[in-house]
file upload27.csv (CSV, C-alpha atoms)
chain,number,residue,atom,x,y,z
Y,1,MET,CA,3.7,-22.8,4.3
Y,2,THR,CA,3.5,-19.1,4.8
Y,3,ARG,CA,0.0,-17.6,5.4
Y,4,CYS,CA,-0.7,-14.4,3.4
Y,5,ARG,CA,-1.4,-11.4,5.4
Y,6,PRO,CA,-4.9,-9.9,5.0
Y,7,SER,CA,-5.1,-6.8,2.8
Y,8,LEU,CA,-5.9,-3.4,4.3
Y,9,ALA,CA,-6.7,-0.2,2.5
Y,10,VAL,CA,-6.0,3.0,4.6
Y,11,PHE,CA,-7.8,6.1,3.3
Y,12,GLY,CA,-6.9,9.7,4.1
Y,13,PRO,CA,-4.6,12.5,3.1
Y,14,LEU,CA,-1.0,11.4,2.2
Y,15,PRO,CA,2.3,13.3,1.8
Y,16,PRO,CA,3.0,15.9,0.6
Y,17,GLN,CA,-0.4,17.2,1.7
Y,18,PRO,CA,0.3,19.7,4.5
Y,19,THR,CA,-1.4,18.0,7.4
Y,20,GLY,CA,0.0,16.1,10.3
Y,21,ILE,CA,-2.5,13.3,9.6
Y,22,ALA,CA,-0.8,12.7,6.2
Y,23,ARG,CA,2.4,12.1,8.1
Y,24,TYR,CA,0.5,9.9,10.6
Y,25,ILE,CA,-0.9,7.7,7.9
Y,26,HIS,CA,2.5,7.4,6.1
Y,27,THR,CA,4.3,6.4,9.3
Y,28,SER,CA,1.5,4.0,10.3
Y,29,ALA,CA,1.9,1.9,7.2
Y,30,THR,CA,5.3,0.6,8.2
Y,31,HIS,CA,4.0,-0.4,11.7
Y,32,LEU,CA,1.0,-2.2,10.3
Y,33,GLU,CA,3.0,-4.3,7.8
Y,34,PRO,CA,3.5,-7.2,10.3
Y,35,TYR,CA,-0.3,-7.6,10.4
Y,36,PHE,CA,-1.6,-6.5,7.0
Y,37,ASP,CA,-0.6,-6.0,3.4
Y,38,VAL,CA,-1.2,-2.3,3.5
Y,39,THR,CA,-2.3,0.1,0.7
Y,40,CYS,CA,-2.6,3.8,1.4
Y,41,ALA,CA,-5.0,5.8,-0.8
Y,42,SER,CA,-6.4,9.3,-0.8
Y,43,SER,CA,-9.8,8.5,-2.3
Y,44,PRO,CA,-11.9,5.6,-3.8
Y,45,THR,CA,-10.6,6.7,-7.2
Y,46,ASP,CA,-7.1,5.6,-6.1
Y,47,ALA,CA,-8.3,2.2,-4.7
Y,48,ASP,CA,-11.6,0.5,-4.6
Y,49,PRO,CA,-12.5,-0.1,-0.9
Y,50,HIS,CA,-14.3,-3.3,-1.9
Y,51,ASP,CA,-11.1,-4.9,-3.2
Y,52,PHE,CA,-9.6,-5.3,0.3
Y,53,ASP,CA,-10.1,-7.6,3.3
Y,54,HIS,CA,-10.1,-4.6,5.7
Y,55,VAL,CA,-10.5,-0.9,5.4
Y,56,LEU,CA,-9.6,2.0,7.7
Y,57,TYR,CA,-10.7,5.6,7.2
Y,58,HIS,CA,-8.8,8.6,8.7
Y,59,LEU,CA,-11.3,11.4,9.1
Y,60,GLY,CA,-10.1,14.9,10.0
Y,61,ASN,CA,-11.4,18.4,9.9
Y,62,ASN,CA,-10.6,19.8,6.5
Y,63,ALA,CA,-11.2,19.1,2.8
Y,64,MET,CA,-8.0,17.1,2.5
Y,65,HIS,CA,-10.1,14.2,4.0
Y,66,HIS,CA,-12.8,14.4,1.4
Y,67,GLY,CA,-11.6,11.3,-0.4
Y,68,ALA,CA,-11.7,9.3,2.9
Y,69,PHE,CA,-15.3,10.5,3.6
Y,70,ARG,CA,-16.3,9.4,0.1
Y,71,ALA,CA,-14.7,6.0,0.5
Y,72,LEU,CA,-16.5,5.5,3.8
Y,73,HIS,CA,-19.8,6.0,2.1
Y,74,THR,CA,-18.7,3.6,-0.7
Y,75,ARG,CA,-18.0,0.8,1.8
Y,76,PRO,CA,-18.8,1.2,5.5
Y,77,GLY,CA,-15.9,0.3,7.8
Y,78,PRO,CA,-13.8,1.3,10.8
Y,79,VAL,CA,-13.2,5.1,11.2
Y,80,LEU,CA,-10.4,6.8,13.1
Y,81,LEU,CA,-11.8,10.2,14.0
Y,82,HIS,CA,-9.0,12.7,14.4
Y,83,GLU,CA,-11.6,15.4,15.1
Y,84,PHE,CA,-15.1,14.4,16.1
Y,85,ASN,CA,-16.4,17.9,15.6
Y,86,ASN,CA,-15.5,18.1,11.9
Y,87,LEU,CA,-17.6,21.1,10.9
Y,88,ASP,CA,-14.8,22.8,9.0
Y,89,TYR,CA,-14.5,19.8,6.7
Y,90,TYR,CA,-18.2,20.2,5.7
Y,91,HIS,CA,-17.7,23.9,5.2
Y,92,GLN,CA,-14.5,23.5,3.0
Y,93,ALA,CA,-15.9,20.6,1.0
Y,94,TRP,CA,-19.4,22.1,0.7
Y,95,THR,CA,-19.8,21.9,-3.1
Y,96,GLN,CA,-18.6,18.3,-3.1
Y,97,LEU,CA,-21.1,17.1,-0.5
Y,98,THR,CA,-24.3,15.2,-1.3
Y,99,SER,CA,-27.6,17.0,-1.0
Y,100,HIS,CA,-28.3,14.9,2.1
Y,101,GLU,CA,-25.1,16.0,3.8
Y,102,GLN,CA,-25.8,19.6,3.0
Y,103,HIS,CA,-29.3,19.4,4.4
Y,104,HIS,CA,-28.0,17.6,7.5
Y,105,VAL,CA,-25.4,20.4,8.2
Y,106,LEU,CA,-27.9,23.2,7.6
Y,107,HIS,CA,-30.5,21.5,9.8
Y,108,ALA,CA,-28.0,21.1,12.6
Y,109,TYR,CA,-27.2,24.8,12.5
Y,110,SER,CA,-30.9,25.7,12.4
Y,111,ARG,CA,-31.6,23.6,15.5
Y,112,HIS,CA,-28.6,25.0,17.4
Y,113,LEU,CA,-28.9,28.7,16.5
Y,114,GLY,CA,-32.7,28.9,16.3
Y,115,GLU,CA,-32.8,30.2,12.7
Y,116,ASP,CA,-34.0,28.6,9.5
Y,117,PHE,CA,-31.1,28.0,7.2
Y,118,ARG,CA,-32.6,26.4,4.1
Y,119,HIS,CA,-29.6,27.3,1.9
Y,120,ARG,CA,-25.9,27.9,2.5
Y,121,SER,CA,-26.3,31.5,1.5
Y,122,ALA,CA,-28.5,32.0,4.6
Y,123,LEU,CA,-25.8,30.6,6.8
Y,124,ASP,CA,-23.2,32.8,5.2
Y,125,ALA,CA,-25.4,35.8,5.8
Y,126,TYR,CA,-25.7,34.8,9.5
Y,127,ALA,CA,-21.9,34.6,9.7
Y,128,ALA,CA,-21.6,38.1,8.2
Y,129,ARG,CA,-24.1,39.5,10.8
Y,130,ASN,CA,-22.3,37.6,13.7
Y,131,PRO,CA,-18.6,37.8,13.1
Y,132,ASP,CA,-17.8,36.9,16.7
Y,133,VAL,CA,-19.5,33.4,16.3
Y,134,ASP,CA,-17.0,30.8,15.2
Y,135,LEU,CA,-19.4,28.6,13.2
Y,136,GLY,CA,-16.7,26.0,12.7
Y,137,SER,CA,-16.4,25.1,16.4
Y,138,LEU,CA,-20.0,24.9,17.5
Y,139,ASP,CA,-20.8,21.5,18.9
Y,140,LEU,CA,-23.8,20.5,16.7
Y,141,GLY,CA,-23.4,16.7,17.0
Y,142,ILE,CA,-22.2,16.7,13.4
Y,143,GLU,CA,-20.1,13.6,14.0
Y,144,GLN,CA,-23.4,11.6,13.6
Y,145,LEU,CA,-22.8,11.5,9.8
Y,146,ALA,CA,-19.5,9.7,10.2
Y,147,VAL,CA,-20.3,7.6,13.3
Y,148,HIS,CA,-23.5,6.2,11.9
Y,149,ALA,CA,-21.7,5.3,8.6
Y,150,ALA,CA,-18.8,3.5,10.5
Y,151,THR,CA,-18.8,-0.1,11.7
Y,152,THR,CA,-16.4,1.0,14.5
Y,153,THR,CA,-15.3,4.5,15.5
Y,154,LEU,CA,-11.9,4.9,17.0
Y,155,VAL,CA,-10.8,8.0,18.9
Y,156,HIS,CA,-7.6,8.8,20.8
Y,157,HIS,CA,-9.0,10.3,24.0
Y,158,PRO,CA,-11.1,8.4,26.6
Y,159,ALA,CA,-13.2,11.5,27.4
Y,160,THR,CA,-14.1,11.8,23.7
Y,161,ALA,CA,-15.1,8.1,23.6
Y,162,GLN,CA,-17.3,8.6,26.7
Y,163,LEU,CA,-19.1,11.5,25.1
Y,164,LEU,CA,-19.7,9.7,21.8
Y,165,ARG,CA,-21.0,6.6,23.7
Y,166,ARG,CA,-23.5,8.8,25.5
Y,167,ARG,CA,-24.6,10.4,22.2
Y,168,HIS,CA,-24.6,7.2,20.1
Y,169,PRO,CA,-25.3,4.3,22.4
Y,170,GLN,CA,-25.7,1.8,19.5
Y,171,ALA,CA,-22.4,2.6,18.0
Y,172,ASP,CA,-19.1,0.8,18.6
Y,173,ILE,CA,-16.8,3.4,20.1
Y,174,ARG,CA,-13.2,2.4,21.0
Y,175,THR,CA,-10.1,4.2,22.1
Y,176,LEU,CA,-6.7,4.0,20.5
Y,177,PRO,CA,-3.4,5.4,22.0
Y,178,PHE,CA,-2.0,8.4,20.1
Y,179,PRO,CA,1.3,7.2,18.6
Y,180,VAL,CA,4.4,9.4,19.1
Y,181,GLU,CA,7.8,8.7,17.6
Y,182,PRO,CA,10.6,9.5,20.1
Y,183,ILE,CA,12.3,12.7,18.8
Y,184,THR,CA,16.0,12.4,18.7
Y,185,THR,CA,18.1,15.3,17.8
Y,186,PRO,CA,21.7,16.1,18.8
Y,187,ASP,CA,20.9,19.8,19.4
Y,188,PRO,CA,17.2,20.6,19.8
Y,189,ARG,CA,18.1,24.3,20.1
Y,190,ARG,CA,19.6,24.3,16.6
Y,191,VAL,CA,16.1,25.3,15.4
Y,192,ARG,CA,16.2,28.5,17.5
Y,193,ARG,CA,19.2,29.7,15.6
Y,194,ARG,CA,17.6,28.8,12.3
Y,195,LEU,CA,14.6,30.9,13.3
Y,196,HIS,CA,16.8,33.8,14.6
Y,197,LEU,CA,15.6,33.3,18.2
Y,198,PRO,CA,18.0,34.0,21.1
Y,199,ASP,CA,19.6,30.8,22.1
Y,200,HIS,CA,19.3,31.8,25.8
Y,201,ALA,CA,15.6,32.8,25.5
Y,202,LEU,CA,12.9,31.5,27.8
Y,203,LEU,CA,10.7,30.3,25.0
Y,204,PHE,CA,7.0,29.7,25.1
Y,205,ALA,CA,5.1,28.5,22.0
Y,206,THR,CA,1.8,27.4,20.6
Y,207,PHE,CA,1.9,24.8,17.8
Y,208,GLY,CA,0.0,23.9,14.6
Y,209,PHE,CA,-2.5,25.5,12.3
Y,210,ILE,CA,-3.8,28.7,14.0
Y,211,GLY,CA,-7.6,28.8,13.9
Y,212,GLN,CA,-10.0,30.8,16.1
Y,213,TYR,CA,-10.7,27.7,18.3
Y,214,LYS,CA,-7.1,27.8,19.5
Y,215,ARG,CA,-7.8,31.0,21.4
Y,216,VAL,CA,-4.5,32.6,20.4
Y,217,GLU,CA,-5.9,36.1,21.1
Y,218,ARG,CA,-6.2,35.0,24.8
Y,219,ILE,CA,-2.5,33.9,24.7
Y,220,LEU,CA,-1.4,37.3,23.2
Y,221,ASP,CA,-3.6,39.2,25.7
Y,222,ALA,CA,-2.1,37.2,28.7
Y,223,TRP,CA,1.4,37.7,27.3
Y,224,GLN,CA,1.0,41.5,27.2
Y,225,HIS,CA,-0.5,41.5,30.8
Y,226,TRP,CA,2.3,39.4,32.3
Y,227,ASN,CA,3.8,42.3,34.2
Y,228,ASP,CA,6.7,40.5,35.8
Y,229,ARG,CA,7.7,38.7,32.5
Y,230,PRO,CA,11.4,38.0,32.4
Y,231,GLU,CA,13.3,40.1,29.9
Y,232,HIS,CA,14.5,37.0,28.0
Y,233,ALA,CA,11.0,35.5,27.6
Y,234,HIS,CA,9.8,35.1,24.0
Y,235,LEU,CA,6.5,33.8,22.6
Y,236,LEU,CA,6.4,31.8,19.4
Y,237,LEU,CA,3.4,31.2,17.2
Y,238,ALA,CA,4.5,28.1,15.3
Y,239,GLY,CA,2.1,27.4,12.4
Y,240,GLU,CA,0.1,28.8,9.6
Y,241,LEU,CA,-2.7,31.4,10.2
Y,242,GLN,CA,-6.1,30.3,9.1
Y,243,TYR,CA,-7.8,33.7,9.8
Y,244,PRO,CA,-6.7,37.3,10.1
Y,245,LEU,CA,-5.1,37.3,13.5
Y,246,PRO,CA,-3.8,40.7,14.7
Y,247,ILE,CA,-0.4,40.1,16.1
Y,248,PRO,CA,1.0,42.9,18.3
Y,249,ASP,CA,4.1,44.7,17.1
Y,250,ASP,CA,6.2,43.3,19.9
Y,251,PRO,CA,9.9,42.1,19.5
Y,252,THR,CA,9.2,39.2,21.9
Y,253,ILE,CA,6.4,37.7,19.8
Y,254,HIS,CA,7.4,35.7,16.7
Y,255,HIS,CA,5.2,34.0,14.0
Y,256,THR,CA,6.9,31.3,12.0
Y,257,GLY,CA,4.4,30.4,9.3
Y,258,HIS,CA,4.7,26.8,7.9
Y,259,LEU,CA,7.6,24.8,9.3
Y,260,SER,CA,9.3,21.6,8.0
Y,261,ASP,CA,8.5,18.4,10.0
Y,262,ARG,CA,12.1,18.5,11.3
Y,263,ASP,CA,12.0,22.1,12.6
Y,264,PHE,CA,8.5,21.5,14.0
Y,265,ASP,CA,9.7,18.4,16.0
Y,266,ASP,CA,12.9,20.2,17.2
Y,267,LEU,CA,10.8,23.1,18.4
Y,268,LEU,CA,8.6,20.8,20.5
Y,269,LEU,CA,11.7,19.8,22.4
Y,270,SER,CA,13.4,23.2,22.3
Y,271,VAL,CA,10.6,25.3,23.9
Y,272,ASP,CA,10.6,25.8,27.7
Y,273,CYS,CA,6.8,25.6,27.8
Y,274,ALA,CA,4.0,25.1,25.2
Y,275,ILE,CA,0.6,26.7,25.4
Y,276,GLN,CA,-2.2,24.7,23.6
Y,277,LEU,CA,-5.7,26.1,24.2
Y,278,ARG,CA,-9.0,25.0,22.7
Y,279,HIS,CA,-12.7,25.7,22.9
Y,280,PRO,CA,-15.1,24.1,22.9
Y,281,TRP,CA,-13.5,20.8,21.8
Y,282,LEU,CA,-11.4,21.0,18.6
Y,283,GLY,CA,-8.0,19.4,18.9
Y,284,GLU,CA,-8.8,16.7,21.4
Y,285,THR,CA,-6.3,14.5,19.5
Y,286,SER,CA,-3.8,17.2,19.0
Y,287,GLY,CA,-0.5,15.8,17.6
Y,288,PRO,CA,1.6,18.5,19.2
Y,289,VAL,CA,0.0,18.1,22.6
Y,290,SER,CA,0.4,14.3,22.5
Y,291,THR,CA,4.1,14.7,21.4
Y,292,LEU,CA,4.8,17.2,24.2
Y,293,LEU,CA,3.2,14.9,26.8
Y,294,ALA,CA,5.0,11.9,25.5
Y,295,HIS,CA,8.3,13.6,26.0
Y,296,HIS,CA,7.4,15.1,29.4
Y,297,ARG,CA,7.5,18.7,28.2
Y,298,PRO,CA,5.8,21.4,30.2
Y,299,VAL,CA,2.5,22.5,28.6
Y,300,ILE,CA,-0.4,24.8,29.5
Y,301,LEU,CA,-3.8,23.3,28.4
Y,302,SER,CA,-7.4,24.3,28.5
Y,303,ASP,CA,-9.4,22.6,31.2
Y,304,ILE,CA,-11.8,20.8,28.9
Y,305,PRO,CA,-12.5,17.0,28.9
Y,306,GLY,CA,-10.8,16.4,25.6
Y,307,MET,CA,-7.5,17.8,26.9
Y,308,HIS,CA,-7.5,16.7,30.5
Y,309,THR,CA,-4.4,14.8,31.6
Y,310,THR,CA,-2.9,13.8,34.9
Y,311,THR,CA,0.6,14.3,33.5
Y,312,PRO,CA,2.6,16.3,36.1
Y,313,THR,CA,4.1,18.6,33.4
Y,314,ALA,CA,0.7,19.9,32.4
Y,315,THR,CA,-1.1,22.9,33.8
Y,316,HIS,CA,-4.9,23.3,33.1
Y,317,ILE,CA,-6.6,26.6,32.9
Y,318,PRO,CA,-10.4,27.3,32.7
Y,319,VAL,CA,-12.1,28.5,29.5
Y,320,GLY,CA,-14.1,31.7,29.7
Y,321,PRO,CA,-14.2,34.4,32.5
Y,322,GLY,CA,-10.9,34.4,34.3
Y,323,GLU,CA,-9.1,32.6,31.5
Y,324,VAL,CA,-6.5,35.4,30.8
Y,325,ASP,CA,-5.7,35.9,34.5
Y,326,ALA,CA,-5.3,32.1,35.0
Y,327,LEU,CA,-3.1,32.0,31.9
Y,328,VAL,CA,-0.9,34.8,33.3
Y,329,HIS,CA,-0.5,32.9,36.5
Y,330,ALA,CA,0.4,29.7,34.6
Y,331,LEU,CA,3.0,31.6,32.5
Y,332,HIS,CA,4.5,33.0,35.7
Y,333,HIS,CA,4.6,29.5,37.2
Y,334,HIS,CA,6.3,27.9,34.3
Y,335,GLY,CA,8.5,31.0,33.6
Y,336,TYR,CA,10.1,30.7,37.0
Y,337,SER,CA,10.2,26.9,37.3
Y,338,PRO,CA,13.3,25.0,36.1
Y,339,THR,CA,12.8,23.1,32.8
Y,340,ARG,CA,13.6,19.4,32.9
Y,341,ALA,CA,15.3,17.6,30.0
Y,342,PRO,CA,13.0,15.7,27.6
Y,343,ALA,CA,12.3,12.1,28.4
Y,344,TYR,CA,10.2,9.7,26.2
Y,345,ASN,CA,7.4,7.6,27.6
Y,346,PRO,CA,7.2,4.3,25.6
Y,347,GLU,CA,3.4,4.0,26.4
Y,348,HIS,CA,3.0,6.3,23.3
Y,349,SER,CA,5.0,4.0,21.0
Y,350,TRP,CA,3.9,3.0,17.5
Y,351,THR,CA,4.3,-0.7,18.6
Y,352,THR,CA,1.6,-0.2,21.3
Y,353,TRP,CA,-0.6,1.6,18.7
Y,354,SER,CA,-0.3,-1.0,15.9
Y,355,GLN,CA,-1.1,-3.9,18.3
Y,356,ALA,CA,-4.2,-2.1,19.5
Y,357,LEU,CA,-5.3,-1.2,16.0
Y,358,ALA,CA,-4.7,-4.7,14.6
Y,359,MET,CA,-6.9,-6.0,17.4
Y,360,ALA,CA,-9.7,-3.5,16.7
Y,361,LEU,CA,-9.7,-4.3,12.9
Y,362,ASN,CA,-9.7,-8.0,13.6
Y,363,THR,CA,-12.5,-7.9,16.2
Y,364,PRO,CA,-16.0,-7.3,14.9
Y,365,SER,CA,-18.1,-4.8,16.8
Y,366,GLN,CA,-20.5,-7.3,18.2
Y,367,GLU,CA,-17.5,-9.1,19.9
Y,368,ARG,CA,-16.4,-6.0,21.9
call {"tool": "encode", "arguments": {"input": "upload27.csv", "output": "structure tokens"}}
result
Amino acid sequence: MTRCRPSLAVFGPLPPQPTGIARYIHTSATHLEPYFDVTCASSPTDADPHDFDHVLYHLGNNAMHHGAFRALHTRPGPVLLHEFNNLDYYHQAWTQLTSHEQHHVLHAYSRHLGEDFRHRSALDAYAARNPDVDLGSLDLGIEQLAVHAATTTLVHHPATAQLLRRRHPQADIRTLPFPVEPITTPDPRRVRRRLHLPDHALLFATFGFIGQYKRVERILDAWQHWNDRPEHAHLLLAGELQYPLPIPDDPTIHHTGHLSDRDFDDLLLSVDCAIQLRHPWLGETSGPVSTLLAHHRPVILSDIPGMHTTTPTATHIPVGPGEVDALVHALHHHGYSPTRAPAYNPEHSWTTWSQALAMALNTPSQER
């Protein structure tokens, strides 16, 4: 007699929505099939969370996750937090939030900034008066809304888990390895020719949506202050702009805009060194960073807990004073070091991920 698999509803953005988490969810369904009868849905209007044995909510940092946030409030369950500081979600989905959520967000800003924001218009006015303050990356403890609604909170980075356990000692916080498919391509430099980049270029790149928290201005500043930069060095901004970023008129600097998944993956292997900066936290579960590390690619990272790694191909630089000088030094180091061929680390496999997630879903929080 064959035992039926328990049913699992996975809520979050799905292809063709333009986010890496949609791809993550779509890929994960195949790897969860040995354990569950999986249904993927964008919102509770697509599938009733109460109709399943298990649920899992993927929560990210933009309005494409609104359906998953709503499903979580319909039926509490395990949450996978792709960004614990998800202020941009609340900004983007503002008109769809409950009055309680809106009040919570405004109160968090009031407490942090020392002003009384009783209405969204007051916060918008503050933003207009203080254009240098990135309101989307302030660490306000906003994750409380999701963590307190979840039965279990899963994060990818141990440092993030430690921080959340300190803030929410009664919550069940667990870590889950970030899954990375091995990238196999017969010619990873093919994408250089497609993007009209010199095949022989010493290529540096930063990947993903380009928001203020990724500190791309610092990268551009360091690039222009790298006095002994090799003539064949090029810098690639691989992703869509999310704010008006002034890009210097420099033939060695290239901006791609949106890329197909294939071109994006090929670029991860094709670059000689990646630069992924963050502040204060956003991006602790960065897909590009995890993919680069899983393939032993050289990468320059901000020295913050959520991006710390002992991987020998990574160089960490401080955030704040001295950041640009340290970045110039790191660029020089990687620019004059030989680049090793990509090599995949199976500890990042989907098999490892699916086993860990199945165990988490089947183990109640009180049995940790």
call {"tool": "residues_around", "arguments": {"input": "upload27.csv", "residues": "Y:Leu237", "least_positions_apart": "6", "cutoff": "6 Å", "atoms": "all atoms listed in the file", "output": "PyMOL selection string"}}
result
chain Y and resi 205-206+255
call {"tool": "closest_residue", "arguments": {"input": "upload27.csv", "among": "Y:Ala222, Y:Val216, Y:Ala238, Y:Ile253", "to": "Y:Glu323", "atoms": "only C-alpha atoms"}}
result
Y:Ala222
call {"tool": "atom_distance", "arguments": {"input": "upload27.csv", "atom1": "atom CA of Y:Gly306", "atom2": "atom CA of Y:Pro16"}}
result
28.6 Å
call {"tool": "atom_distance", "arguments": {"input": "upload27.csv", "atom1": "atom CA of Y:Leu87", "atom2": "atom CA of Y:Gly136"}}
result
5.3 Å
call {"tool": "atom_distance", "arguments": {"input": "upload27.csv", "atom1": "atom CA of Y:Leu140", "atom2": "atom CA of Y:His65"}}
result
19.7 Å
call {"tool": "residues_around", "arguments": {"input": "upload27.csv", "residues": "stretch 2-11 of chain Y", "least_positions_apart": "6", "cutoff": "10 Å", "atoms": "all atoms listed in the file", "output": "JSON, numbers by chain"}}
result
{"Y": [25, 26, 28, 29, 32, 33, 34, 35, 36, 37, 38, 39, 40, 41, 42, 43, 44, 46, 47, 48, 49, 50, 51, 52, 53, 54, 55, 56, 57, 58, 59, 65, 66, 67, 68, 69, 70, 71, 72, 79, 361]}
call {"tool": "closest_residue", "arguments": {"input": "upload27.csv", "among": "Y:Thr309, Y:Thr185, Y:Ser137, Y:Ser270", "to": "Y:Arg340", "atoms": "only C-alpha atoms"}}
result
Y:Ser270
call {"tool": "residues_near_point", "arguments": {"input": "upload27.csv", "point": "(4.7, 27.0, 29.3)", "cutoff": "8 Å", "atoms": "all atoms listed in the file", "output": "ChimeraX atom specification"}}
result
/Y:204-205,272-275,298-300,330-331,334-335
call {"tool": "closest_residue", "arguments": {"input": "upload27.csv", "among": "Y:His112, Y:Gly77, Y:Ala122, Y:His82", "to": "Y:Asp139", "atoms": "all atoms listed in the file"}}
result
Y:His112
call {"tool": "closest_residue", "arguments": {"input": "upload27.csv", "among": "Y:Ala22, Y:Leu135, Y:Ala63, Y:Leu197", "to": "Y:Leu97", "atoms": "all atoms listed in the file"}}
result
Y:Ala63
call {"tool": "closest_residue", "arguments": {"input": "upload27.csv", "among": "Y:Met64, Y:Leu267, Y:Ile21, Y:Leu106", "to": "Y:Leu81", "atoms": "all atoms listed in the file"}}
result
Y:Ile21
call {"tool": "closest_residue", "arguments": {"input": "upload27.csv", "among": "Y:Gln144, Y:Gln96, Y:Gln242, Y:Thr184", "to": "Y:Arg167", "atoms": "all atoms listed in the file"}}
result
Y:Gln144
call {"tool": "residues_around", "arguments": {"input": "upload27.csv", "residues": "stretch 318-321 of chain Y", "least_positions_apart": "2", "cutoff": "7 Å", "atoms": "all atoms listed in the file", "output": "list in words"}}
result
Ser302, Asp303, His316 and Glu323 of chain Y
call {"tool": "residues_near_point", "arguments": {"input": "upload27.csv", "point": "(0.3, 0.1, 18.6)", "cutoff": "10 Å", "atoms": "only C-alpha atoms", "output": "list of chain:residue names"}}
result
Y:Ser28, Y:His31, Y:Leu32, Y:Leu176, Y:Pro177, Y:Phe178, Y:Pro179, Y:Glu347, Y:His348, Y:Ser349, Y:Trp350, Y:Thr351, Y:Thr352, Y:Trp353, Y:Ser354, Y:Gln355, Y:Ala356, Y:Leu357, Y:Ala358, Y:Met359
call {"tool": "residues_around", "arguments": {"input": "upload27.csv", "residues": "Y:Arg189", "least_positions_apart": "3", "cutoff": "12 Å", "atoms": "only C-alpha atoms", "output": "ChimeraX atom specification"}}
result
/Y:185-186,192-203,263-272
call {"tool": "residues_around", "arguments": {"input": "upload27.csv", "residues": "stretch 325-329 of chain Y", "least_positions_apart": "6", "cutoff": "8 Å", "atoms": "only C-alpha atoms", "output": "VMD selection string"}}
result
chain Y and resid 219 222 to 223 225 to 226 317 to 318
call {"tool": "decode", "arguments": {"input": "upload27.csv", "residues": "stretch 274-318 of chain Y", "atoms": "C-alpha atoms", "output": "mmCIF file, in the first residue's frame"}}
result
data_model
loop_
_atom_site.group_PDB
_atom_site.id
_atom_site.type_symbol
_atom_site.label_atom_id
_atom_site.label_comp_id
_atom_site.auth_asym_id
_atom_site.auth_seq_id
_atom_site.Cartn_x
_atom_site.Cartn_y
_atom_site.Cartn_z
ATOM 1 C CA ALA Y 274 32.192 40.408 -8.307
ATOM 2 C CA ILE Y 275 31.513 43.325 -5.952
ATOM 3 C CA GLN Y 276 28.424 42.986 -3.736
ATOM 4 C CA LEU Y 277 28.160 45.720 -1.107
ATOM 5 C CA ARG Y 278 25.367 46.277 1.415
ATOM 6 C CA HIS Y 279 24.365 48.545 4.283
ATOM 7 C CA PRO Y 280 23.082 48.142 6.844
ATOM 8 C CA TRP Y 281 21.785 44.610 6.204
ATOM 9 C CA LEU Y 282 19.705 44.281 3.058
ATOM 10 C CA GLY Y 283 20.749 41.330 0.962
ATOM 11 C CA GLU Y 284 21.933 38.918 3.645
ATOM 12 C CA THR Y 285 20.490 36.081 1.565
ATOM 13 C CA SER Y 286 21.643 37.469 -1.765
ATOM 14 C CA GLY Y 287 21.208 34.905 -4.516
ATOM 15 C CA PRO Y 288 24.121 36.257 -6.583
ATOM 16 C CA VAL Y 289 26.471 36.207 -3.567
ATOM 17 C CA SER Y 290 25.472 32.645 -2.678
ATOM 18 C CA THR Y 291 25.901 31.512 -6.284
ATOM 19 C CA LEU Y 292 29.316 33.145 -6.532
ATOM 20 C CA LEU Y 293 30.498 31.555 -3.287
ATOM 21 C CA ALA Y 294 29.067 28.156 -4.247
ATOM 22 C CA HIS Y 295 31.174 28.242 -7.417
ATOM 23 C CA HIS Y 296 34.304 29.575 -5.676
ATOM 24 C CA ARG Y 297 34.206 32.857 -7.580
ATOM 25 C CA PRO Y 298 36.222 35.851 -6.318
ATOM 26 C CA VAL Y 299 33.962 38.403 -4.659
ATOM 27 C CA ILE Y 300 34.349 41.620 -2.640
ATOM 28 C CA LEU Y 301 31.762 41.906 0.159
ATOM 29 C CA SER Y 302 30.847 44.426 2.831
ATOM 30 C CA ASP Y 303 32.142 43.488 6.262
ATOM 31 C CA ILE Y 304 28.733 43.156 7.924
ATOM 32 C CA PRO Y 305 27.483 40.095 9.841
ATOM 33 C CA GLY Y 306 24.934 39.097 7.213
ATOM 34 C CA MET Y 307 27.593 38.830 4.508
ATOM 35 C CA HIS Y 308 30.480 37.405 6.487
ATOM 36 C CA THR Y 309 32.050 34.254 5.132
ATOM 37 C CA THR Y 310 35.302 32.393 5.602
ATOM 38 C CA THR Y 311 35.380 31.376 1.942
ATOM 39 C CA PRO Y 312 38.946 32.103 0.756
ATOM 40 C CA THR Y 313 37.755 33.691 -2.512
ATOM 41 C CA ALA Y 314 35.967 36.500 -0.607
ATOM 42 C CA THR Y 315 37.458 39.822 0.499
ATOM 43 C CA HIS Y 316 35.599 41.884 3.115
ATOM 44 C CA ILE Y 317 35.772 45.677 3.299
ATOM 45 C CA PRO Y 318 34.414 47.985 6.049
#
